[in-house]
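Shown next: upload.txt, given as compact mmCIF, C-alpha atoms.
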```txt
# COMPACT_ATOMS: atom_id res chain seq x y z
CA MET A 1 -10.37 20.71 -24.92
CA SER A 2 -13.53 19.31 -23.37
CA LEU A 3 -15.87 20.15 -20.52
CA PRO A 4 -14.84 19.01 -17.04
CA SER A 5 -17.19 16.55 -15.33
CA PHE A 6 -20.11 18.17 -13.54
CA GLU A 7 -18.71 16.74 -10.31
CA GLN A 8 -15.66 18.90 -10.92
CA VAL A 9 -17.87 21.93 -11.59
CA VAL A 10 -19.66 21.44 -8.25
CA ALA A 11 -16.34 20.97 -6.45
CA ASP A 12 -14.79 24.06 -8.06
CA HIS A 13 -17.72 26.46 -7.82
CA GLY A 14 -20.23 25.10 -5.28
CA LEU A 15 -19.03 27.31 -2.45
CA VAL A 16 -18.90 30.50 -4.53
CA VAL A 17 -22.44 29.89 -5.75
CA LEU A 18 -23.64 29.17 -2.21
CA ARG A 19 -22.22 32.50 -1.03
CA VAL A 20 -23.71 34.34 -3.97
CA CYS A 21 -27.09 32.77 -3.19
CA ARG A 22 -26.83 33.76 0.47
CA ALA A 23 -26.14 37.31 -0.55
CA VAL A 24 -28.76 37.71 -3.24
CA VAL A 25 -31.73 35.76 -1.83
CA GLY A 26 -30.75 35.83 1.85
CA PRO A 27 -29.38 33.03 4.03
CA SER A 28 -32.71 31.27 4.63
CA ASP A 29 -33.49 30.67 0.94
CA ALA A 30 -29.89 30.22 -0.17
CA GLU A 31 -29.80 26.42 -0.17
CA ASP A 32 -32.92 26.09 -2.28
CA ALA A 33 -31.57 28.73 -4.66
CA TRP A 34 -28.29 26.78 -4.89
CA SER A 35 -30.18 23.58 -5.76
CA GLU A 36 -32.26 25.32 -8.43
CA THR A 37 -29.13 26.84 -9.91
CA PHE A 38 -27.16 23.60 -10.13
CA LEU A 39 -30.09 21.57 -11.41
CA ALA A 40 -30.71 24.12 -14.18
CA ALA A 41 -26.99 24.14 -14.91
CA LEU A 42 -26.93 20.34 -15.12
CA VAL A 43 -29.74 20.40 -17.70
CA ALA A 44 -27.89 22.87 -19.93
CA TYR A 45 -24.34 21.69 -19.22
CA PRO A 46 -23.65 19.38 -22.19
CA GLY A 47 -24.45 22.27 -24.55
CA LEU A 48 -21.99 24.66 -22.90
CA ARG A 49 -18.93 25.61 -24.97
CA ALA A 50 -15.80 24.04 -23.55
CA ASP A 51 -13.98 27.39 -23.34
CA SER A 52 -16.76 29.09 -21.37
CA ASN A 53 -16.16 30.84 -18.07
CA ILE A 54 -18.05 28.29 -15.98
CA ARG A 55 -18.22 30.39 -12.83
CA GLY A 56 -19.63 33.36 -14.71
CA TRP A 57 -22.16 31.06 -16.35
CA LEU A 58 -23.25 29.61 -13.00
CA VAL A 59 -23.53 33.03 -11.39
CA THR A 60 -25.70 34.19 -14.30
CA ILE A 61 -28.02 31.22 -13.72
CA ALA A 62 -28.02 31.93 -9.97
CA HIS A 63 -28.89 35.56 -10.67
CA ARG A 64 -31.88 34.61 -12.86
CA LYS A 65 -33.06 32.01 -10.36
CA ALA A 66 -32.76 34.59 -7.58
CA ILE A 67 -34.93 37.03 -9.49
CA ASP A 68 -37.54 34.31 -10.15
CA ARG A 69 -37.51 33.30 -6.52
CA LEU A 70 -37.73 36.80 -5.12
CA ARG A 71 -40.45 37.73 -7.57
CA ALA A 72 -42.44 34.67 -6.50
CA ASN A 73 -41.92 35.60 -2.84
CA HIS A 74 -43.10 39.12 -3.48
CA ARG A 75 -46.08 37.93 -5.50
CA ALA A 76 -45.68 41.15 -7.42
CA PRO A 77 -44.25 41.82 -10.84
CA VAL A 78 -40.66 42.95 -10.63
CA PRO A 79 -38.78 43.96 -13.75
CA LEU A 80 -36.24 41.41 -14.95
CA ALA A 81 -32.57 41.93 -14.15
CA VAL A 82 -33.33 43.99 -11.07
CA LEU A 83 -32.93 42.39 -7.68
CA PRO A 84 -35.80 43.39 -5.42
CA GLU A 85 -35.36 44.25 -1.76
CA ILE A 86 -35.47 41.27 0.53
CA ALA A 87 -36.80 40.92 4.01
CA VAL A 88 -34.21 39.94 6.58
CA LEU A 89 -35.98 37.35 8.62
CA GLY A 90 -35.55 36.12 12.13
CA VAL A 91 -32.69 36.38 14.53
CA GLU A 92 -29.71 34.28 13.52
CA PRO A 93 -27.15 33.07 16.08
CA PRO A 94 -24.97 35.99 17.12
CA ASP A 95 -21.83 35.14 15.20
CA PRO A 96 -19.98 37.68 13.09
CA GLN A 97 -20.74 35.85 9.86
CA ALA A 98 -24.48 35.74 10.42
CA GLU A 99 -24.31 39.44 11.15
CA LEU A 100 -22.39 40.05 7.94
CA TRP A 101 -24.79 37.95 5.85
CA GLN A 102 -27.70 39.90 7.27
CA ALA A 103 -25.95 43.17 6.54
CA ILE A 104 -25.30 42.05 2.95
CA ALA A 105 -28.91 40.95 2.55
CA ALA A 106 -30.05 44.34 3.83
CA LEU A 107 -28.08 46.30 1.21
CA PRO A 108 -30.02 48.08 -1.53
CA PRO A 109 -30.48 45.68 -4.48
CA LYS A 110 -27.80 47.01 -6.86
CA GLN A 111 -25.22 47.25 -4.11
CA ARG A 112 -26.11 43.76 -2.94
CA GLY A 113 -25.74 42.38 -6.47
CA ALA A 114 -22.50 44.23 -7.11
CA VAL A 115 -20.99 43.10 -3.80
CA ALA A 116 -22.08 39.51 -4.40
CA TYR A 117 -20.89 39.28 -7.99
CA HIS A 118 -17.63 41.15 -7.50
CA TYR A 119 -16.54 40.31 -3.97
CA LEU A 120 -18.00 36.81 -3.73
CA ALA A 121 -17.81 35.60 -7.33
CA ASP A 122 -14.90 37.70 -8.65
CA LEU A 123 -16.77 38.54 -11.86
CA PRO A 124 -15.44 41.42 -13.97
CA TYR A 125 -17.46 44.65 -13.66
CA ALA A 126 -18.41 44.48 -17.33
CA GLN A 127 -20.29 41.23 -16.72
CA ILE A 128 -21.77 42.53 -13.45
CA ALA A 129 -23.04 45.57 -15.31
CA GLU A 130 -24.88 43.26 -17.73
CA LEU A 131 -26.43 41.24 -14.92
CA LEU A 132 -27.57 44.36 -13.08
CA ASP A 133 -28.63 46.16 -16.25
CA THR A 134 -26.40 49.13 -15.52
CA SER A 135 -23.10 50.64 -16.67
CA GLU A 136 -19.70 49.28 -15.74
CA ALA A 137 -18.88 52.46 -13.81
CA ALA A 138 -22.17 52.28 -11.92
CA ALA A 139 -21.55 48.62 -11.04
CA ARG A 140 -18.11 49.51 -9.71
CA ARG A 141 -19.58 52.36 -7.68
CA SER A 142 -22.35 50.13 -6.30
CA ALA A 143 -19.80 47.57 -5.12
CA ALA A 144 -17.71 50.26 -3.40
CA ASP A 145 -20.79 51.85 -1.82
CA GLY A 146 -21.97 48.43 -0.65
CA ILE A 147 -18.68 47.59 1.02
CA ALA A 148 -18.59 51.03 2.65
CA LYS A 149 -22.07 50.49 4.01
CA LEU A 150 -21.16 47.05 5.36
CA ARG A 151 -18.25 48.65 7.23
CA THR A 152 -20.57 51.20 8.87
CA VAL A 153 -23.14 48.55 9.76
CA LEU A 154 -20.61 46.18 11.23
CA GLY A 155 -18.70 48.84 13.16
CA PRO A 156 -15.06 49.88 13.20
CA GLU A 157 -13.81 46.60 14.67
CA ALA A 158 -15.06 44.67 11.63
CA THR A 159 -12.10 43.32 9.67
CA LEU A 160 -13.55 44.04 6.25
CA MET B 161 -8.70 47.80 1.58
CA THR B 162 -11.30 45.14 0.99
CA THR B 163 -10.40 42.66 -1.74
CA PRO B 164 -12.57 39.80 -2.94
CA GLU B 165 -10.12 37.46 -1.26
CA SER B 166 -10.18 39.18 2.13
CA PHE B 167 -13.96 39.49 1.93
CA ARG B 168 -14.38 35.77 1.30
CA HIS B 169 -11.91 35.03 4.05
CA VAL B 170 -14.14 36.82 6.55
CA LEU B 171 -17.10 34.75 5.34
CA ALA B 172 -15.35 31.36 5.37
CA SER B 173 -17.19 29.04 7.72
CA PRO B 174 -16.38 25.46 8.74
CA GLY B 175 -20.09 24.65 8.40
CA ASP B 176 -19.88 25.30 4.65
CA VAL B 177 -18.28 21.90 4.00
CA GLU B 178 -21.20 20.12 5.60
CA THR B 179 -23.76 22.32 3.86
CA LEU B 180 -22.16 21.64 0.49
CA SER B 181 -22.07 17.90 1.06
CA HIS B 182 -25.77 17.99 1.91
CA LEU B 183 -26.46 20.10 -1.20
CA HIS B 184 -24.42 17.69 -3.32
CA ALA B 185 -26.49 14.75 -2.08
CA ARG B 186 -29.68 16.65 -2.89
CA LEU B 187 -28.36 17.47 -6.37
CA VAL B 188 -27.63 13.79 -7.02
CA GLU B 189 -31.16 12.88 -5.93
CA GLN B 190 -32.76 15.53 -8.13
CA ALA B 191 -30.51 14.68 -11.07
CA ALA B 192 -31.53 11.02 -10.85
CA ALA B 193 -35.21 11.92 -10.52
CA HIS B 194 -35.00 14.12 -13.66
CA GLY B 195 -33.04 11.55 -15.67
CA LEU B 196 -29.97 13.79 -15.68
CA LEU B 197 -27.52 11.48 -13.93
CA ASP B 198 -25.80 10.18 -17.07
CA VAL B 199 -22.77 8.79 -15.25
CA ALA B 200 -22.62 7.94 -11.54
CA TYR B 201 -19.39 6.90 -9.84
CA ARG B 202 -17.86 5.83 -6.57
CA THR B 203 -14.65 4.21 -5.38
CA LEU B 204 -14.30 0.90 -3.59
CA ASP B 205 -11.46 -0.42 -1.41
CA THR B 206 -10.46 -3.90 -2.54
CA PRO B 207 -7.49 -6.24 -2.02
CA VAL B 208 -6.20 -5.15 -5.45
CA GLY B 209 -6.39 -1.45 -4.67
CA VAL B 210 -9.02 1.28 -4.73
CA LEU B 211 -11.23 0.64 -7.75
CA LEU B 212 -13.22 3.36 -9.49
CA LEU B 213 -16.72 2.17 -10.46
CA ALA B 214 -18.89 4.10 -12.91
CA ALA B 215 -22.37 3.37 -14.24
CA THR B 216 -24.78 4.80 -16.78
CA PRO B 217 -28.54 4.16 -16.55
CA THR B 218 -27.84 1.14 -18.82
CA GLY B 219 -25.38 -0.47 -16.46
CA LEU B 220 -21.83 -0.59 -15.17
CA VAL B 221 -19.69 1.20 -17.76
CA ARG B 222 -16.22 1.40 -16.22
CA VAL B 223 -14.04 -0.19 -13.56
CA ALA B 224 -10.62 1.41 -13.21
CA TYR B 225 -7.50 0.54 -11.26
CA PRO B 226 -5.57 3.29 -9.48
CA GLY B 227 -2.77 2.93 -12.04
CA GLU B 228 -5.05 4.23 -14.78
CA GLY B 229 -5.44 7.48 -12.82
CA HIS B 230 -8.98 7.87 -11.51
CA ASP B 231 -9.10 11.59 -12.37
CA HIS B 232 -7.98 10.80 -15.89
CA VAL B 233 -10.62 8.08 -16.24
CA LEU B 234 -13.35 10.43 -14.94
CA ALA B 235 -12.29 13.11 -17.43
CA GLN B 236 -12.43 10.47 -20.18
CA LEU B 237 -15.92 9.39 -19.12
CA ALA B 238 -17.05 13.03 -19.11
CA GLU B 239 -15.78 13.35 -22.67
CA ARG B 240 -16.75 9.99 -24.14
CA VAL B 241 -20.03 9.27 -22.32
CA SER B 242 -21.41 12.49 -20.82
CA PRO B 243 -20.17 15.44 -18.74
CA ARG B 244 -23.27 14.95 -16.55
CA LEU B 245 -21.16 12.88 -14.24
CA LEU B 246 -21.55 12.94 -10.46
CA HIS B 247 -20.21 11.14 -7.42
CA ALA B 248 -23.32 9.08 -6.59
CA PRO B 249 -22.32 6.03 -4.54
CA ALA B 250 -25.83 4.62 -4.10
CA ARG B 251 -26.18 3.97 -7.84
CA LEU B 252 -23.14 1.69 -7.55
CA ASP B 253 -24.23 -0.19 -4.43
CA PRO B 254 -25.11 -3.45 -6.24
CA ALA B 255 -21.75 -3.51 -8.06
CA ALA B 256 -19.84 -2.68 -4.88
CA HIS B 257 -21.72 -5.35 -2.98
CA GLN B 258 -21.01 -8.04 -5.58
CA LEU B 259 -17.34 -7.08 -5.73
CA ASP B 260 -17.12 -7.34 -1.94
CA GLU B 261 -18.63 -10.82 -2.19
CA TYR B 262 -16.20 -11.76 -4.97
CA PHE B 263 -13.17 -10.66 -2.97
CA SER B 264 -14.39 -12.61 0.06
CA HIS B 265 -14.85 -15.84 -1.98
CA HIS B 266 -18.64 -15.65 -1.78
CA ARG B 267 -19.27 -14.95 -5.44
CA HIS B 268 -18.03 -16.66 -8.60
CA ARG B 269 -20.13 -14.83 -11.21
CA PHE B 270 -21.25 -11.23 -11.46
CA ASP B 271 -24.89 -10.60 -12.04
CA LEU B 272 -24.93 -6.95 -13.11
CA ALA B 273 -26.26 -4.98 -16.05
CA LEU B 274 -23.26 -3.88 -18.12
CA ASP B 275 -22.86 -0.97 -20.51
CA LEU B 276 -20.14 -2.00 -22.96
CA ARG B 277 -20.28 1.15 -25.09
CA LEU B 278 -16.61 1.87 -24.46
CA ALA B 279 -15.55 -1.27 -26.34
CA ARG B 280 -16.23 -1.54 -30.06
CA GLY B 281 -15.77 -3.97 -32.92
CA PHE B 282 -13.47 -6.92 -32.42
CA ARG B 283 -12.50 -5.74 -28.93
CA ARG B 284 -16.14 -5.85 -27.98
CA SER B 285 -16.58 -9.39 -29.30
CA VAL B 286 -13.50 -10.47 -27.34
CA LEU B 287 -15.07 -9.07 -24.16
CA ASP B 288 -18.30 -10.89 -24.95
CA HIS B 289 -16.41 -14.19 -24.84
CA LEU B 290 -14.44 -13.61 -21.64
CA PRO B 291 -17.25 -14.53 -19.23
CA GLU B 292 -17.15 -18.02 -20.78
CA ILE B 293 -13.86 -18.63 -18.97
CA ALA B 294 -15.04 -20.16 -15.71
CA TYR B 295 -14.03 -18.84 -12.31
CA GLY B 296 -10.78 -20.40 -11.18
CA THR B 297 -9.68 -21.37 -14.70
CA THR B 298 -7.67 -19.63 -17.42
CA ALA B 299 -7.70 -19.56 -21.22
CA SER B 300 -4.99 -18.56 -23.68
CA TYR B 301 -5.05 -15.45 -25.85
CA ALA B 302 -5.12 -17.83 -28.84
CA THR B 303 -8.18 -19.71 -27.55
CA ILE B 304 -10.06 -16.44 -27.09
CA ALA B 305 -9.00 -15.23 -30.55
CA ALA B 306 -10.51 -18.42 -32.02
CA ALA B 307 -13.67 -18.07 -29.91
CA ALA B 308 -14.09 -14.46 -31.06
CA GLY B 309 -13.97 -15.67 -34.66
CA ASN B 310 -10.44 -14.71 -35.69
CA PRO B 311 -7.81 -17.30 -34.64
CA LYS B 312 -4.98 -15.15 -36.01
CA ALA B 313 -5.89 -12.11 -33.93
CA VAL B 314 -3.93 -13.15 -30.87
CA ARG B 315 -2.33 -9.72 -30.41
CA ALA B 316 -5.69 -8.01 -30.89
CA VAL B 317 -7.04 -10.13 -28.03
CA GLY B 318 -4.15 -8.83 -25.94
CA SER B 319 -5.06 -5.25 -26.73
CA ALA B 320 -8.76 -5.91 -26.14
CA CYS B 321 -7.82 -7.17 -22.66
CA ALA B 322 -5.46 -4.25 -22.07
CA THR B 323 -8.29 -1.81 -22.86
CA ASN B 324 -11.07 -3.75 -21.12
CA PRO B 325 -13.29 -1.01 -19.63
CA LEU B 326 -14.61 -3.44 -17.00
CA PRO B 327 -11.68 -5.38 -15.53
CA VAL B 328 -12.45 -7.87 -12.72
CA ILE B 329 -16.13 -7.91 -13.79
CA VAL B 330 -15.32 -8.99 -17.36
CA PRO B 331 -12.57 -11.46 -16.45
CA CYS B 332 -9.64 -10.54 -18.71
CA HIS B 333 -7.38 -11.58 -15.82
CA ARG B 334 -8.19 -15.20 -16.78
CA VAL B 335 -6.50 -14.82 -20.16
CA VAL B 336 -2.86 -15.96 -20.12
CA ARG B 337 -0.21 -16.93 -22.66
CA SER B 338 -0.24 -20.35 -24.31
CA ASP B 339 3.07 -21.17 -22.55
CA GLY B 340 1.37 -20.59 -19.20
CA THR B 341 3.04 -17.26 -18.39
CA LEU B 342 0.81 -14.42 -17.31
CA GLY B 343 0.98 -11.98 -20.22
CA GLY B 344 -0.09 -8.44 -19.33
CA TYR B 345 -2.83 -6.87 -17.25
CA VAL B 346 -4.49 -3.47 -17.15
CA GLY B 347 -4.25 -3.44 -13.34
CA GLY B 348 -0.61 -4.57 -13.28
CA LEU B 349 0.74 -8.11 -12.97
CA ASP B 350 0.50 -8.10 -9.16
CA ALA B 351 -3.25 -7.58 -9.42
CA LYS B 352 -3.58 -10.31 -12.07
CA ARG B 353 -1.64 -12.72 -9.88
CA ALA B 354 -3.75 -11.76 -6.84
CA LEU B 355 -7.03 -12.36 -8.69
CA LEU B 356 -5.90 -15.74 -10.05
CA ARG B 357 -4.68 -16.74 -6.58
CA LEU B 358 -7.97 -15.60 -5.05
CA GLU B 359 -9.94 -17.71 -7.52
CA ALA B 360 -7.67 -20.72 -6.96
CA THR B 361 -8.29 -20.59 -3.20
CA PRO B 362 -11.59 -22.00 -1.98
```

Spit out the file's structure as structure tokens when you get a sec.
Amino acid sequence: MSLPSFEQVVADHGLVVLRVCRAVVGPSDAEDAWSETFLAALVAYPGLRADSNIRGWLVTIAHRKAIDRLRANHRAPVPLAVLPEIAVLGVEPPDPQAELWQAIAALPPKQRGAVAYHYLADLPYAQIAELLDTSEAAARRSAADGIAKLRTVLGPEATL
Amino acid sequence: MTTPESFRHVLASPGDVETLSHLHARLVEQAAAHGLLDVAYRTLDTPVGVLLLAATPTGLVRVAYPGEGHDHVLAQLAERVSPRLLHAPARLDPAAHQLDEYFSHHRHRFDLALDLRLARGFRRSVLDHLPEIAYGTTASYATIAAAAGNPKAVRAVGSACATNPLPVIVPCHRVVRSDGTLGGYVGGLDAKRALLRLEATP
């Protein structure tokens, strides 16, 4: 068994990582965060074990890059493995997805992380707990609380 | 009940395809700038089918016919050369351009840097001698065996041609049997016939 080509990795996981980036750093910084993630992944890729969970590996890189990026934006020290709050900037076009992305970005950090890594990246709660420096049960609860909050924000007609 | 699948369904946007293609292009650019683009590839429509072209920073490393299975060849390149392999057409522009010229009778010799790392030993020395067969002419497997320094290795010349990583560019299609019949070809006999016919037509 050998590693798939990086082209295949981008094709298989590019969209998931883009969505994760939108959720964790906000839509306006998401593309830069995606580029940083995949460039860092490309550097390390030949050393990755062939039986690794590539999506989990990419999301972990995206998570670290998001923290770096948000910490730089805040110009304030933020403890590692904790996603800081992010400012939801500007008025996006009034489509339901933009509204949902903004609502996700406005979630408290742990809920935002748990929603992104579970609902967007399908990671197991054990791994999410590691990323968010919390327990598996707490990660599960954060994801559920996050989804519940998105439903309230988006109103009863939202098809979440 | 919200599931990851239903959640992603709500977020699916037709604009994502365009965004990802733009991000892919940016990744290719950054990879090249950081010396991380170990293998670049593209495909090219030609009269003998869609060819896969792949290059390392050293030069063109692989040309593959559809019959070899492009996905299979890409997986092989990822394993044997480097998994840092990306669809990066611009890197292959010179090769694509020269192949276009060749197929439209405007080019008789290729002037491209080649990376022959996929051919070793005697097979490699066979490939080194193939460009000596002039455009529009043929040579026998036996003649090439002698030129490569082992007149008895006629069958080995056949297998060197069959595993030529750079068909068309390294002209194994110009090697035929001593009795004048075609022998084999990595791209299939129709492609071999088409190339010989192309080169015989001014």

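Among B:His232, B:Arg222, B:His289, B:Arg280, the residue with the shortest atom-to-atom distance to chain A, counting all atoms listed in the file, is B:His232.
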
- Message: Quick check: residues of chain A within 6 Å of chain B, all atoms listed in the file, returned as JSON, numbers by chain.
- Response: {"A": [5, 6, 7, 97, 119, 160]}

For C-alpha atoms, I'd like the residues from the last selection saved as a PDB file, in the coordinates of the input.
```pdb
ATOM      1  CA  SER A   5     -17.190  16.550 -15.330  1.00  0.00           C
ATOM      2  CA  PHE A   6     -20.110  18.170 -13.540  1.00  0.00           C
ATOM      3  CA  GLU A   7     -18.710  16.740 -10.310  1.00  0.00           C
ATOM      4  CA  GLN A  97     -20.740  35.850   9.860  1.00  0.00           C
ATOM      5  CA  TYR A 119     -16.540  40.310  -3.970  1.00  0.00           C
ATOM      6  CA  LEU A 160     -13.550  44.040   6.250  1.00  0.00           C
TER       7      LEU A 160
END
```

- Message: What's around region 122-127 of chain A at 12 Å? Count all atoms listed in the file, leave out sequence neighbours fewer than 5 positions away in its own chain, and write the answer as a count of residues only.
- Response: 38

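Each of B:Pro331, B:Pro226, B:Pro249, B:Pro362 was checked against Asp288 (chain B) using only C-alpha atoms; the smallest atom-to-atom distance is that of B:Pro331.
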
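Reported to one decimal place, the separation of CA of Lys149 (chain A) from CA of Ala62 (chain A) is 24.0 Å.
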
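Of note, CA of Pro46 (chain A) and CA of Asp198 (chain B) are spaced 10.7 Å apart.
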
- Grab the CA of Gly219 (chain B) to CA of Pro291 (chain B) distance for me, in Å with one decimal place. 16.5 Å

- Mind checking which residues fall within 7 Å of region 202-204 of chain B, counting all atoms listed in the file, ignoring those fewer than 5 positions away in the same chain, and posting them as an NGL selection string? :B and (210-214 or 247-249 or 252 or 256)
